[in-house]
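Data block for entry.tsv (TSV, C-alpha atoms):
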```tsv
chain	number	residue	atom	x	y	z
K	1	MET	CA	21.05	-9.49	-31.71
K	2	ASN	CA	17.61	-10.62	-32.71
K	3	VAL	CA	13.98	-10.19	-31.79
K	4	MET	CA	14.09	-13.09	-29.33
K	5	THR	CA	16.91	-11.43	-27.37
K	6	LEU	CA	14.94	-8.19	-27.19
K	7	LEU	CA	11.86	-10.07	-26.00
K	8	SER	CA	13.85	-11.84	-23.27
K	9	LEU	CA	15.30	-8.48	-22.20
K	10	LEU	CA	11.78	-7.05	-22.06
K	11	TYR	CA	10.55	-10.03	-20.05
K	12	VAL	CA	13.42	-10.06	-17.53
K	13	PHE	CA	13.63	-6.31	-16.91
K	14	SER	CA	9.90	-5.57	-16.70
K	15	GLY	CA	9.70	-8.45	-14.20
K	16	LEU	CA	12.58	-6.98	-12.20
K	17	SER	CA	10.86	-3.61	-12.10
K	18	VAL	CA	7.73	-5.15	-10.61
K	19	ILE	CA	9.53	-7.22	-7.96
K	20	ALA	CA	11.74	-4.28	-6.93
K	21	LEU	CA	9.84	-3.70	-3.69
K	22	GLY	CA	11.67	-1.26	-1.46
K	23	GLY	CA	13.50	0.39	-4.35
K	24	GLY	CA	15.76	-0.50	-7.22
K	25	THR	CA	18.73	-1.70	-5.19
K	26	ALA	CA	16.58	-4.51	-3.81
K	27	ALA	CA	16.35	-5.92	-7.33
K	28	LEU	CA	20.10	-5.76	-8.05
K	29	ALA	CA	20.89	-9.24	-6.73
K	30	GLN	CA	18.16	-10.79	-8.87
K	31	MET	CA	19.31	-8.75	-11.86
K	32	GLN	CA	22.86	-10.02	-11.41
K	33	LEU	CA	21.61	-13.60	-11.20
K	34	ASP	CA	19.45	-13.26	-14.32
K	35	CYS	CA	21.99	-11.46	-16.49
K	36	VAL	CA	25.10	-13.40	-15.46
K	37	ARG	CA	23.96	-16.91	-14.53
K	38	ASN	CA	20.60	-17.53	-16.15
K	39	TYR	CA	20.98	-15.80	-19.52
K	40	HIS	CA	24.81	-15.41	-19.78
K	41	TRP	CA	24.35	-11.92	-21.23
K	42	ILE	CA	27.34	-10.41	-19.38
K	43	THR	CA	30.12	-11.59	-17.06
K	44	ASN	CA	30.09	-10.93	-13.34
K	45	ASP	CA	33.04	-8.49	-13.66
K	46	GLN	CA	31.13	-6.52	-16.28
K	47	PHE	CA	28.14	-6.33	-13.96
K	48	VAL	CA	30.32	-4.98	-11.13
K	49	ASP	CA	31.95	-2.44	-13.48
K	50	PHE	CA	28.58	-1.27	-14.79
K	51	PHE	CA	27.37	-0.89	-11.22
K	52	ALA	CA	30.40	1.26	-10.35
K	53	ILE	CA	29.80	3.45	-13.41
K	54	THR	CA	26.15	4.11	-12.57
K	55	GLN	CA	27.06	4.82	-8.95
K	56	ALA	CA	29.69	7.33	-10.03
K	57	THR	CA	27.73	9.17	-12.69
K	58	PRO	CA	24.89	11.50	-11.65
K	59	GLY	CA	21.28	10.34	-11.77
K	60	PRO	CA	19.39	7.21	-10.70
K	61	SER	CA	21.70	4.21	-10.21
K	62	MET	CA	19.06	2.01	-11.87
K	63	LEU	CA	20.45	3.30	-15.18
K	64	ILE	CA	22.68	0.22	-14.92
K	65	VAL	CA	19.90	-1.47	-16.91
K	66	SER	CA	20.63	0.81	-19.89
K	67	LEU	CA	24.29	-0.24	-19.94
K	68	ILE	CA	23.34	-3.91	-19.72
K	69	GLY	CA	20.81	-3.50	-22.53
K	70	TYR	CA	23.42	-1.76	-24.70
K	71	LYS	CA	26.01	-4.45	-24.03
K	72	VAL	CA	23.56	-7.25	-24.86
K	73	ALA	CA	21.77	-5.86	-27.90
K	74	SER	CA	23.24	-2.44	-28.78
K	75	TRP	CA	20.91	0.60	-28.95
K	76	PRO	CA	17.63	-1.32	-29.38
K	77	GLY	CA	18.62	-3.31	-26.28
K	78	MET	CA	19.28	-0.12	-24.35
K	79	ILE	CA	15.87	1.28	-25.23
K	80	VAL	CA	14.09	-1.97	-24.31
K	81	THR	CA	15.74	-2.39	-20.89
K	82	THR	CA	15.36	1.30	-19.98
K	83	VAL	CA	11.67	1.49	-20.87
K	84	ALA	CA	10.91	-1.95	-19.38
K	85	THR	CA	12.43	-0.89	-16.06
K	86	PHE	CA	11.02	2.61	-15.72
K	87	ALA	CA	7.61	2.52	-17.44
K	88	PRO	CA	5.82	0.06	-15.08
K	89	ALA	CA	6.89	2.11	-12.03
K	90	CYS	CA	5.60	5.31	-13.69
K	91	VAL	CA	2.23	3.84	-14.59
K	92	LEU	CA	1.77	2.30	-11.15
K	93	THR	CA	2.75	5.52	-9.37
K	94	TYR	CA	0.41	7.55	-11.56
K	95	VAL	CA	-2.54	5.28	-10.76
K	96	VAL	CA	-1.73	5.27	-7.04
K	97	SER	CA	-1.39	9.07	-6.93
K	98	ARG	CA	-4.85	9.40	-8.50
K	99	VAL	CA	-6.41	6.81	-6.19
K	100	TRP	CA	-4.74	8.48	-3.23
K	101	HIS	CA	-6.16	11.78	-4.36
K	102	TYR	CA	-9.60	10.18	-4.52
K	103	PHE	CA	-9.24	9.25	-0.84
K	104	HIS	CA	-8.11	12.79	-0.12
K	105	ASP	CA	-10.88	13.39	2.45
K	106	SER	CA	-10.77	9.93	4.00
K	107	LYS	CA	-10.26	9.64	7.75
K	108	TRP	CA	-7.45	7.20	7.02
K	109	ARG	CA	-5.40	9.64	4.97
K	110	GLU	CA	-3.65	11.32	7.86
K	111	PRO	CA	-2.82	8.17	9.84
K	112	VAL	CA	-1.46	6.49	6.68
K	113	GLU	CA	0.65	9.49	5.68
K	114	LYS	CA	2.00	10.01	9.18
K	115	GLY	CA	2.59	6.34	9.93
K	116	LEU	CA	4.41	5.70	6.65
K	117	SER	CA	6.38	8.94	7.04
K	118	ALA	CA	7.71	7.78	10.40
K	119	VAL	CA	8.81	4.48	8.84
K	120	THR	CA	10.32	6.35	5.89
K	121	VAL	CA	12.54	8.45	8.13
K	122	GLY	CA	13.77	5.23	9.77
K	123	LEU	CA	14.53	3.84	6.32
K	124	LEU	CA	16.37	7.01	5.33
K	125	PHE	CA	18.66	6.74	8.36
K	126	ALA	CA	19.24	3.04	7.73
K	127	SER	CA	20.03	3.54	4.04
K	128	SER	CA	22.38	6.44	4.91
K	129	LEU	CA	24.23	4.05	7.18
K	130	ILE	CA	24.39	1.39	4.47
K	131	VAL	CA	25.66	3.93	1.91
K	132	THR	CA	28.28	5.09	4.42
K	133	LYS	CA	29.55	1.54	4.89
K	134	HIS	CA	29.88	1.16	1.11
K	135	ALA	CA	31.48	4.55	0.55
K	136	ALA	CA	33.83	4.77	3.53
K	137	SER	CA	36.49	2.39	4.77
K	138	GLY	CA	38.67	4.35	7.18
K	139	TRP	CA	38.29	6.96	9.91
K	140	GLU	CA	39.19	9.81	7.51
K	141	ALA	CA	36.23	8.91	5.33
K	142	TYR	CA	33.90	8.62	8.34
K	143	ILE	CA	34.96	12.10	9.43
K	144	LEU	CA	34.20	13.41	5.95
K	145	VAL	CA	30.75	11.76	6.05
K	146	ALA	CA	30.00	13.24	9.48
K	147	ALA	CA	31.33	16.69	8.55
K	148	SER	CA	29.26	16.90	5.37
K	149	ALA	CA	26.18	15.63	7.22
K	150	LEU	CA	26.54	18.30	9.92
K	151	ILE	CA	27.37	21.16	7.55
K	152	LEU	CA	24.50	20.28	5.20
K	153	SER	CA	22.01	19.87	8.08
K	154	PHE	CA	22.78	23.02	9.99
K	155	THR	CA	24.02	25.58	7.48
K	156	LYS	CA	22.62	26.90	4.21
K	157	ILE	CA	25.81	26.35	2.21
K	158	ASN	CA	25.07	25.01	-1.28
K	159	PRO	CA	25.74	21.24	-1.34
K	160	LEU	CA	27.73	21.65	-4.58
K	161	ILE	CA	30.44	23.53	-2.64
K	162	ILE	CA	30.74	20.70	-0.10
K	163	MET	CA	30.82	18.20	-2.96
K	164	GLY	CA	33.62	20.13	-4.66
K	165	ILE	CA	35.70	20.15	-1.48
K	166	SER	CA	35.03	16.43	-0.94
K	167	ALA	CA	36.07	15.66	-4.53
K	168	VAL	CA	39.38	17.53	-4.00
K	169	ILE	CA	39.97	15.72	-0.68
K	170	GLY	CA	39.33	12.44	-2.51
K	171	TYR	CA	41.55	13.36	-5.48
K	172	PHE	CA	44.54	13.87	-3.19
K	173	GLY	CA	43.98	10.44	-1.72
K	174	LEU	CA	43.08	11.62	1.78
K	175	VAL	CA	40.09	9.28	2.14
K	176	GLN	CA	39.93	5.57	1.36
Y	1	MET	CA	-14.18	7.18	-9.64
Y	2	ASP	CA	-12.95	10.24	-11.47
Y	3	LEU	CA	-9.21	9.84	-11.72
Y	4	LYS	CA	-8.88	12.82	-14.04
Y	5	LYS	CA	-9.90	15.32	-11.38
Y	6	PRO	CA	-6.81	17.47	-10.74
Y	7	TYR	CA	-5.02	16.96	-7.47
Y	8	GLN	CA	-5.93	19.75	-5.09
Y	9	ARG	CA	-3.72	19.58	-2.08
Y	10	LEU	CA	-0.20	20.10	-3.36
Y	11	GLU	CA	-1.14	22.58	-6.06
Y	12	LYS	CA	-3.56	24.68	-4.05
Y	13	LYS	CA	-1.46	27.79	-4.51
Y	14	LYS	CA	1.05	26.52	-7.01
Y	15	GLU	CA	1.01	26.35	-10.76
Y	16	VAL	CA	4.09	24.45	-11.90
Y	17	LYS	CA	4.93	24.55	-15.59
Y	18	LEU	CA	5.84	21.31	-17.38
Y	19	TRP	CA	9.14	22.84	-18.44
Y	20	ASP	CA	9.92	23.73	-14.81
Y	21	LEU	CA	9.17	20.16	-13.73
Y	22	ALA	CA	11.49	18.80	-16.41
Y	23	THR	CA	14.35	21.22	-15.66
Y	24	GLY	CA	13.93	20.84	-11.89
Y	25	PHE	CA	14.23	17.07	-12.04
Y	26	ALA	CA	17.07	17.31	-14.56
Y	27	LYS	CA	18.92	19.62	-12.18
Y	28	MET	CA	18.57	17.34	-9.14
Y	29	SER	CA	19.60	14.40	-11.25
Y	30	LEU	CA	22.70	16.14	-12.63
Y	31	CYS	CA	23.78	17.48	-9.24
Y	32	SER	CA	23.79	14.02	-7.65
Y	33	PHE	CA	27.38	13.07	-8.52
Y	34	GLY	CA	28.35	10.04	-6.44
Y	35	GLY	CA	24.84	9.55	-5.01
Y	36	GLY	CA	22.57	11.54	-2.70
Y	37	LEU	CA	19.75	11.81	-5.24
Y	38	THR	CA	16.88	11.92	-2.72
Y	39	ALA	CA	18.65	14.63	-0.76
Y	40	TRP	CA	19.06	16.64	-3.97
Y	41	ALA	CA	15.38	16.13	-4.71
Y	42	GLU	CA	14.56	17.80	-1.39
Y	43	GLN	CA	17.10	20.56	-1.99
Y	44	ILE	CA	15.56	21.48	-5.37
Y	45	ALA	CA	11.86	20.64	-4.95
Y	46	VAL	CA	11.49	22.11	-1.47
Y	47	LYS	CA	14.25	24.70	-0.98
Y	48	GLU	CA	14.96	26.10	-4.41
Y	49	ARG	CA	11.70	25.76	-6.34
Y	50	LYS	CA	9.33	25.64	-3.35
Y	51	TRP	CA	6.97	23.20	-5.08
Y	52	LEU	CA	6.25	21.44	-1.79
Y	53	THR	CA	6.88	21.80	1.93
Y	54	ASP	CA	9.19	19.42	3.76
Y	55	ASP	CA	6.14	17.62	5.17
Y	56	GLU	CA	4.54	17.17	1.75
Y	57	PHE	CA	7.87	15.93	0.41
Y	58	LEU	CA	8.07	13.37	3.21
Y	59	HIS	CA	4.49	12.24	2.51
Y	60	ALA	CA	5.29	11.82	-1.20
Y	61	LEU	CA	8.38	9.81	-0.26
Y	62	ALA	CA	6.34	7.70	2.17
Y	63	ILE	CA	3.59	6.86	-0.34
Y	64	THR	CA	6.00	5.99	-3.17
Y	65	GLN	CA	8.26	3.99	-0.85
Y	66	VAL	CA	5.69	1.20	-0.55
Y	67	LEU	CA	5.34	0.70	-4.33
Y	68	PRO	CA	7.69	-1.52	-6.33
Y	69	GLY	CA	10.23	0.05	-8.69
Y	70	PRO	CA	13.19	2.45	-8.60
Y	71	ASN	CA	12.59	5.00	-5.80
Y	72	MET	CA	13.47	8.26	-7.52
Y	73	ILE	CA	11.45	7.34	-10.62
Y	74	LYS	CA	8.40	6.81	-8.42
Y	75	LEU	CA	8.99	10.08	-6.56
Y	76	ALA	CA	9.32	12.00	-9.86
Y	77	ALA	CA	6.19	10.33	-11.27
Y	78	TYR	CA	4.25	11.08	-8.09
Y	79	ILE	CA	5.19	14.75	-7.92
Y	80	GLY	CA	4.71	15.18	-11.69
Y	81	SER	CA	1.32	13.49	-11.53
Y	82	ASN	CA	0.15	15.62	-8.63
Y	83	PHE	CA	0.95	18.87	-10.39
Y	84	ARG	CA	0.21	18.12	-14.02
Y	85	GLY	CA	-1.27	14.62	-14.43
Y	86	VAL	CA	0.04	12.32	-17.18
Y	87	ALA	CA	2.00	15.13	-18.87
Y	88	GLY	CA	3.61	15.91	-15.52
Y	89	VAL	CA	4.72	12.29	-15.11
Y	90	PHE	CA	6.38	12.43	-18.54
Y	91	ALA	CA	8.04	15.79	-17.91
Y	92	ALA	CA	9.38	14.86	-14.47
Y	93	VAL	CA	10.60	11.37	-15.36
Y	94	CYS	CA	12.14	12.41	-18.69
Y	95	GLY	CA	13.82	15.34	-16.95
Y	96	LEU	CA	15.18	13.01	-14.33
Y	97	VAL	CA	16.44	10.33	-16.71
Y	98	ALA	CA	17.39	11.93	-20.06
Y	99	ALA	CA	20.64	13.75	-19.23
Y	100	PRO	CA	22.08	11.08	-16.87
Y	101	LEU	CA	21.24	8.43	-19.46
Y	102	VAL	CA	23.42	10.23	-22.01
Y	103	ILE	CA	26.23	10.58	-19.45
Y	104	VAL	CA	26.00	6.94	-18.33
Y	105	MET	CA	26.13	5.73	-21.93
Y	106	VAL	CA	29.09	7.96	-22.86
Y	107	VAL	CA	31.06	7.03	-19.72
Y	108	GLY	CA	30.05	3.38	-20.02
Y	109	ILE	CA	31.12	3.07	-23.65
Y	110	LEU	CA	34.42	4.90	-22.91
Y	111	PHE	CA	34.95	2.60	-19.94
Y	112	ILE	CA	34.24	-0.52	-22.00
Y	113	GLU	CA	36.83	0.76	-24.50
Y	114	MET	CA	39.54	2.13	-22.20
Y	115	GLY	CA	39.25	1.01	-18.57
Y	116	SER	CA	39.44	3.43	-15.63
Y	117	ASP	CA	41.97	5.82	-14.10
Y	118	PRO	CA	42.96	5.60	-10.39
Y	119	ALA	CA	42.59	9.38	-9.96
Y	120	VAL	CA	38.94	9.08	-11.01
Y	121	HIS	CA	38.49	6.32	-8.48
Y	122	ARG	CA	40.02	8.44	-5.68
Y	123	THR	CA	37.86	11.45	-6.54
Y	124	LEU	CA	34.79	9.23	-6.45
Y	125	ASN	CA	35.74	8.08	-2.93
Y	126	GLY	CA	35.54	11.69	-1.77
Y	127	LEU	CA	32.25	12.29	-3.56
Y	128	GLY	CA	30.80	9.06	-2.19
Y	129	ALA	CA	31.55	10.12	1.39
Y	130	CYS	CA	29.92	13.49	0.75
Y	131	ALA	CA	26.83	11.82	-0.75
Y	132	ALA	CA	26.53	9.63	2.34
Y	133	GLY	CA	26.72	12.75	4.51
Y	134	MET	CA	24.06	14.37	2.36
Y	135	ALA	CA	21.78	11.36	2.79
Y	136	PHE	CA	22.16	11.69	6.57
Y	137	SER	CA	21.42	15.41	6.42
Y	138	LEU	CA	18.12	14.70	4.61
Y	139	ALA	CA	17.13	12.17	7.30
Y	140	ILE	CA	18.09	14.65	10.03
Y	141	LYS	CA	16.14	17.49	8.40
Y	142	LEU	CA	12.95	15.48	7.92
Y	143	THR	CA	13.17	14.11	11.48
Y	144	SER	CA	13.73	17.52	13.05
Y	145	LYS	CA	10.37	18.69	11.62
Y	146	ASN	CA	8.63	15.95	13.61
Y	147	ILE	CA	10.82	15.77	16.68
Y	148	LYS	CA	8.01	16.65	19.10
Y	149	ASP	CA	5.80	13.86	17.80
Y	150	TRP	CA	6.69	10.92	20.04
Y	151	LEU	CA	4.78	8.33	17.96
Y	152	PHE	CA	6.78	9.44	14.93
Y	153	MET	CA	10.08	9.12	16.79
Y	154	ILE	CA	9.25	5.67	18.18
Y	155	PHE	CA	8.17	4.12	14.88
Y	156	GLY	CA	11.04	5.78	13.02
Y	157	ALA	CA	13.51	4.35	15.54
Y	158	VAL	CA	11.98	0.87	15.39
Y	159	ALA	CA	12.10	0.83	11.56
Y	160	PHE	CA	15.72	2.02	11.66
Y	161	ALA	CA	16.73	-0.61	14.23
Y	162	LEU	CA	15.04	-3.45	12.31
Y	163	ILE	CA	17.03	-2.64	9.17
Y	164	ALA	CA	20.32	-1.45	10.64
Y	165	PHE	CA	20.71	-3.95	13.49
Y	166	VAL	CA	18.30	-6.86	12.86
Y	167	ARG	CA	19.20	-6.57	9.13
Y	168	LEU	CA	15.69	-7.13	7.79
Y	169	PRO	CA	15.16	-6.28	4.10
Y	170	MET	CA	13.64	-2.77	3.80
Y	171	MET	CA	10.36	-4.05	2.38
Y	172	LEU	CA	9.86	-6.43	5.28
Y	173	ALA	CA	10.50	-3.60	7.74
Y	174	ILE	CA	7.89	-1.46	5.96
Y	175	LEU	CA	5.39	-4.34	6.02
Y	176	ILE	CA	5.90	-4.92	9.75
Y	177	VAL	CA	6.20	-1.37	11.14
Y	178	GLY	CA	4.02	0.44	8.57
Y	179	PRO	CA	0.64	-1.07	9.53
Y	180	LEU	CA	1.40	-0.76	13.26
Y	181	ALA	CA	2.30	2.91	12.83
Y	182	ILE	CA	-0.84	3.59	10.78
Y	183	ILE	CA	-3.06	1.93	13.40
Y	184	ALA	CA	-1.32	3.80	16.22
Y	185	TYR	CA	-1.89	7.14	14.47
Y	186	TRP	CA	-5.51	6.19	13.80
Y	187	TYR	CA	-6.24	5.61	17.51
Y	188	TYR	CA	-4.11	8.54	18.56
Y	189	GLY	CA	-6.08	10.84	16.22
Y	190	LYS	CA	-9.39	9.48	17.52
Y	191	ALA	CA	-8.35	9.90	21.16
Y	192	GLN	CA	-7.25	13.47	20.48
Y	193	LYS	CA	-10.53	14.36	18.79
Y	194	LYS	CA	-12.45	12.84	21.69
Y	195	SER	CA	-10.56	14.86	24.29
Y	196	GLU	CA	-11.02	18.01	22.20
Y	197	GLY	CA	-14.74	17.23	22.02
Y	198	GLU	CA	-14.96	16.89	25.79
Y	199	GLU	CA	-13.13	20.16	26.30
Y	200	GLY	CA	-15.63	21.74	23.94
Y	201	LYS	CA	-18.55	20.42	26.02
Y	202	GLU	CA	-17.08	21.79	29.26
Y	203	LYS	CA	-16.91	25.24	27.73
```

Can you present the structure in this file as structure tokens?
Amino acid sequence: MNVMTLLSLLYVFSGLSVIALGGGTAALAQMQLDCVRNYHWITNDQFVDFFAITQATPGPSMLIVSLIGYKVASWPGMIVTTVATFAPACVLTYVVSRVWHYFHDSKWREPVEKGLSAVTVGLLFASSLIVTKHAASGWEAYILVAASALILSFTKINPLIIMGISAVIGYFGLVQ
Amino acid sequence: MDLKKPYQRLEKKKEVKLWDLATGFAKMSLCSFGGGLTAWAEQIAVKERKWLTDDEFLHALAITQVLPGPNMIKLAAYIGSNFRGVAGVFAAVCGLVAAPLVIVMVVGILFIEMGSDPAVHRTLNGLGACAAGMAFSLAIKLTSKNIKDWLFMIFGAVAFALIAFVRLPMMLAILIVGPLAIIAYWYYGKAQKKSEGEEGKEK
């Protein structure tokens, strides 16, 4: 580990954060290419394992960058990749929220909010479908997806209870 | 322009403490085992803590969706910024990231040392299916609030179809449908005001 490695990590991951239009997952393919092929920091299998870990643990799945940083350059690497990925998005969002507030009384505010909201709901349905395809590979799993969707939409049961039941169903190997 | 002026709309009646922002985002983050983070954000921010209404939550999601970067980080920064400015951004984002970061590092280092257990893998299958269901329930909830708005339903359906069936990247779908939807709402709003104005004259 040396300063040059840390600088390359900073360069690659801050760049990834900025190109990640449409969310973090959009940048995963580029991240894989950079870390595995271009810089040979980790192997492809390690990348896939890290991805599985961040999917399984709670919190944003973009925390995969912290694992990569740790693997490449220990704790300093972890700090560099984590900050490089999250800080630009925070600064940009802060500025946009202030600018948006400035246009608070603009005639365009309502059409923009409503129009983008409609698109967002379409995206939410599409990404739910994509997540389902990744998570489920058998009719038992599809039933579990549908049942949790219906229960969580139309009852006030705490989601943690449904998650507990799903975990038990999974533990006994009832869904693939 | 004065960017330091506090945001008025979301916080009109609400004073949210920095500590509450941090713990709220930490809670949604920690609850999201196996995914479903955005749905947990709605569960905590709207249902449990009542920081925002479902509509305001959807607007926050919509605005942050078009910016680059990890989605939940942007949502946390946006909500934090609207309630408490720069300090709010720090509180919300640190709350969201700190605890999961520790967990990811512990699990990741253990995994690098020991490899994984099939029982863990099976349990995660169950949790993954539940998280997918939870993601659907969020989409259903936010749609049901706008179900009578036909423009909303049309543009939502078109965006969905472009990604799910035409398989466009999400950003491209936003870039194509977003401007059309904004323009449609602009003319729709104008037409409505005009007809209201005419009704007013008749009276």

Within 10 Å of Trp40 in chain Y, counting all atoms listed in the file, which residues qualify if same-chain residues fewer than 2 places away don't, as a VMD selection string?
(chain K and resid 159) or (chain Y and resid 25 27 to 32 35 to 38 42 to 47 131 134 to 135 138)

Please enclose the listed atoms of range 32-38 of chain Y in an axis-aligned box, pad each side by 5 Å, and write out the centre and the three edge lengths in Å, rounded to one decimal, as lines of an AutoDock Vina configuration file.
```
center_x = 22.6
center_y = 11.8
center_z = -5.6
size_x = 21.5
size_y = 14.5
size_z = 15.8
```

Tell me, as a list in words, which residues lie within 8 Å of Ser66 in chain K, counting all atoms listed in the file; anything in the same chain fewer than 3 positions away does not count.
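So the residues in contact are Leu63, Gly69, Tyr70, Gly77, Met78, Ile79, Thr81 and Thr82 of chain K; Leu101 and Met105 of chain Y.
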
Name the residues within 7 Å of (15.8, -12.0, -18.4), counting all atoms listed in the file in the file's coordinates, and put them as a CSV table (one decimal) with C-alpha atoms, in the coordinates of the input.
```csv
chain,number,residue,atom,x,y,z
K,8,SER,CA,13.8,-11.8,-23.3
K,9,LEU,CA,15.3,-8.5,-22.2
K,11,TYR,CA,10.6,-10.0,-20.0
K,12,VAL,CA,13.4,-10.1,-17.5
K,13,PHE,CA,13.6,-6.3,-16.9
K,34,ASP,CA,19.4,-13.3,-14.3
K,35,CYS,CA,22.0,-11.5,-16.5
K,39,TYR,CA,21.0,-15.8,-19.5
```

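From CA of Val121 in chain K back to CA of Leu144 in chain K, the distance works out to 22.3 Å.
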
Nearest to Val18 in chain K by atom-to-atom distance, counting only C-alpha atoms, from Y:Pro68, Y:Gly128, Y:Gly88, Y:Gly24
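Of all the options, Y:Pro68 lies closest to Val18 in chain K.
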
Compile the contact shell of Val158 in chain Y as a ChimeraX atom specification: residues with an atom at most 12 Å away, counting all atoms listed in the file, same-chain residues fewer than 6 positions apart removed.
/K:118-123,125-126 /Y:151-152,164-166,168,173-174,176-178,180-181

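Checking K:Phe50, K:Lys107, K:Leu116, K:Gly59 one by one against Ala60 in chain Y, counting only C-alpha atoms, you find the shortest gap at K:Leu116.
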
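Distances to Ser81 in chain Y were evaluated for K:Cys90, K:Ile165, K:Leu16, K:Ala149 using only C-alpha atoms, and the minimum falls at K:Cys90.
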
Quick one: pull the distance between CA of Lys141 in chain Y and CA of Leu160 in chain K, Å, one decimal.
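So the answer is 17.9 Å.
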
Contacts of Val89 in chain Y at 8 Å (only C-alpha atoms; same-chain gap of 2+ positions) as a short mmCIF file (atom, residue, chain, number, x, y, z; two decimals) with C-alpha atoms, in the coordinates of the input:
```
data_model
loop_
_atom_site.label_atom_id
_atom_site.label_comp_id
_atom_site.auth_asym_id
_atom_site.auth_seq_id
_atom_site.Cartn_x
_atom_site.Cartn_y
_atom_site.Cartn_z
CA CYS K 90 5.60 5.31 -13.69
CA TYR K 94 0.41 7.55 -11.56
CA ALA Y 76 9.32 12.00 -9.86
CA ALA Y 77 6.19 10.33 -11.27
CA TYR Y 78 4.25 11.08 -8.09
CA ILE Y 79 5.19 14.75 -7.92
CA GLY Y 80 4.71 15.18 -11.69
CA SER Y 81 1.32 13.49 -11.53
CA ARG Y 84 0.21 18.12 -14.02
CA GLY Y 85 -1.27 14.62 -14.43
CA VAL Y 86 0.04 12.32 -17.18
CA ALA Y 87 2.00 15.13 -18.87
CA ALA Y 91 8.04 15.79 -17.91
CA ALA Y 92 9.38 14.86 -14.47
CA VAL Y 93 10.60 11.37 -15.36
#
```

Nearest to Phe160 in chain Y by atom-to-atom distance, counting all atoms listed in the file, from Y:Ser144, Y:Ala139, Y:Lys194, Y:Thr123
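For Phe160 in chain Y, the nearest of the given residues is Y:Ala139.
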
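Using only C-alpha atoms, the nearest neighbour of Ser153 in chain K within the list Y:Ile140, Y:Met170, Y:Leu61, Y:Ile183 is Y:Ile140.
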
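Close contacts of Arg122 in chain Y, defined as residues with an atom at most 10 Å away when counting only C-alpha atoms, with chain neighbours fewer than 5 positions off set aside, comprise Ala167, Val168, Ile169, Gly170, Tyr171, Phe172, Gly173, Leu174, Val175 and Gln176 of chain K; Asp117, Leu127 and Gly128 of chain Y.
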
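If you look at CA of Asp149 in chain Y and CA of Val66 in chain Y, they are 22.3 Å away from each other.
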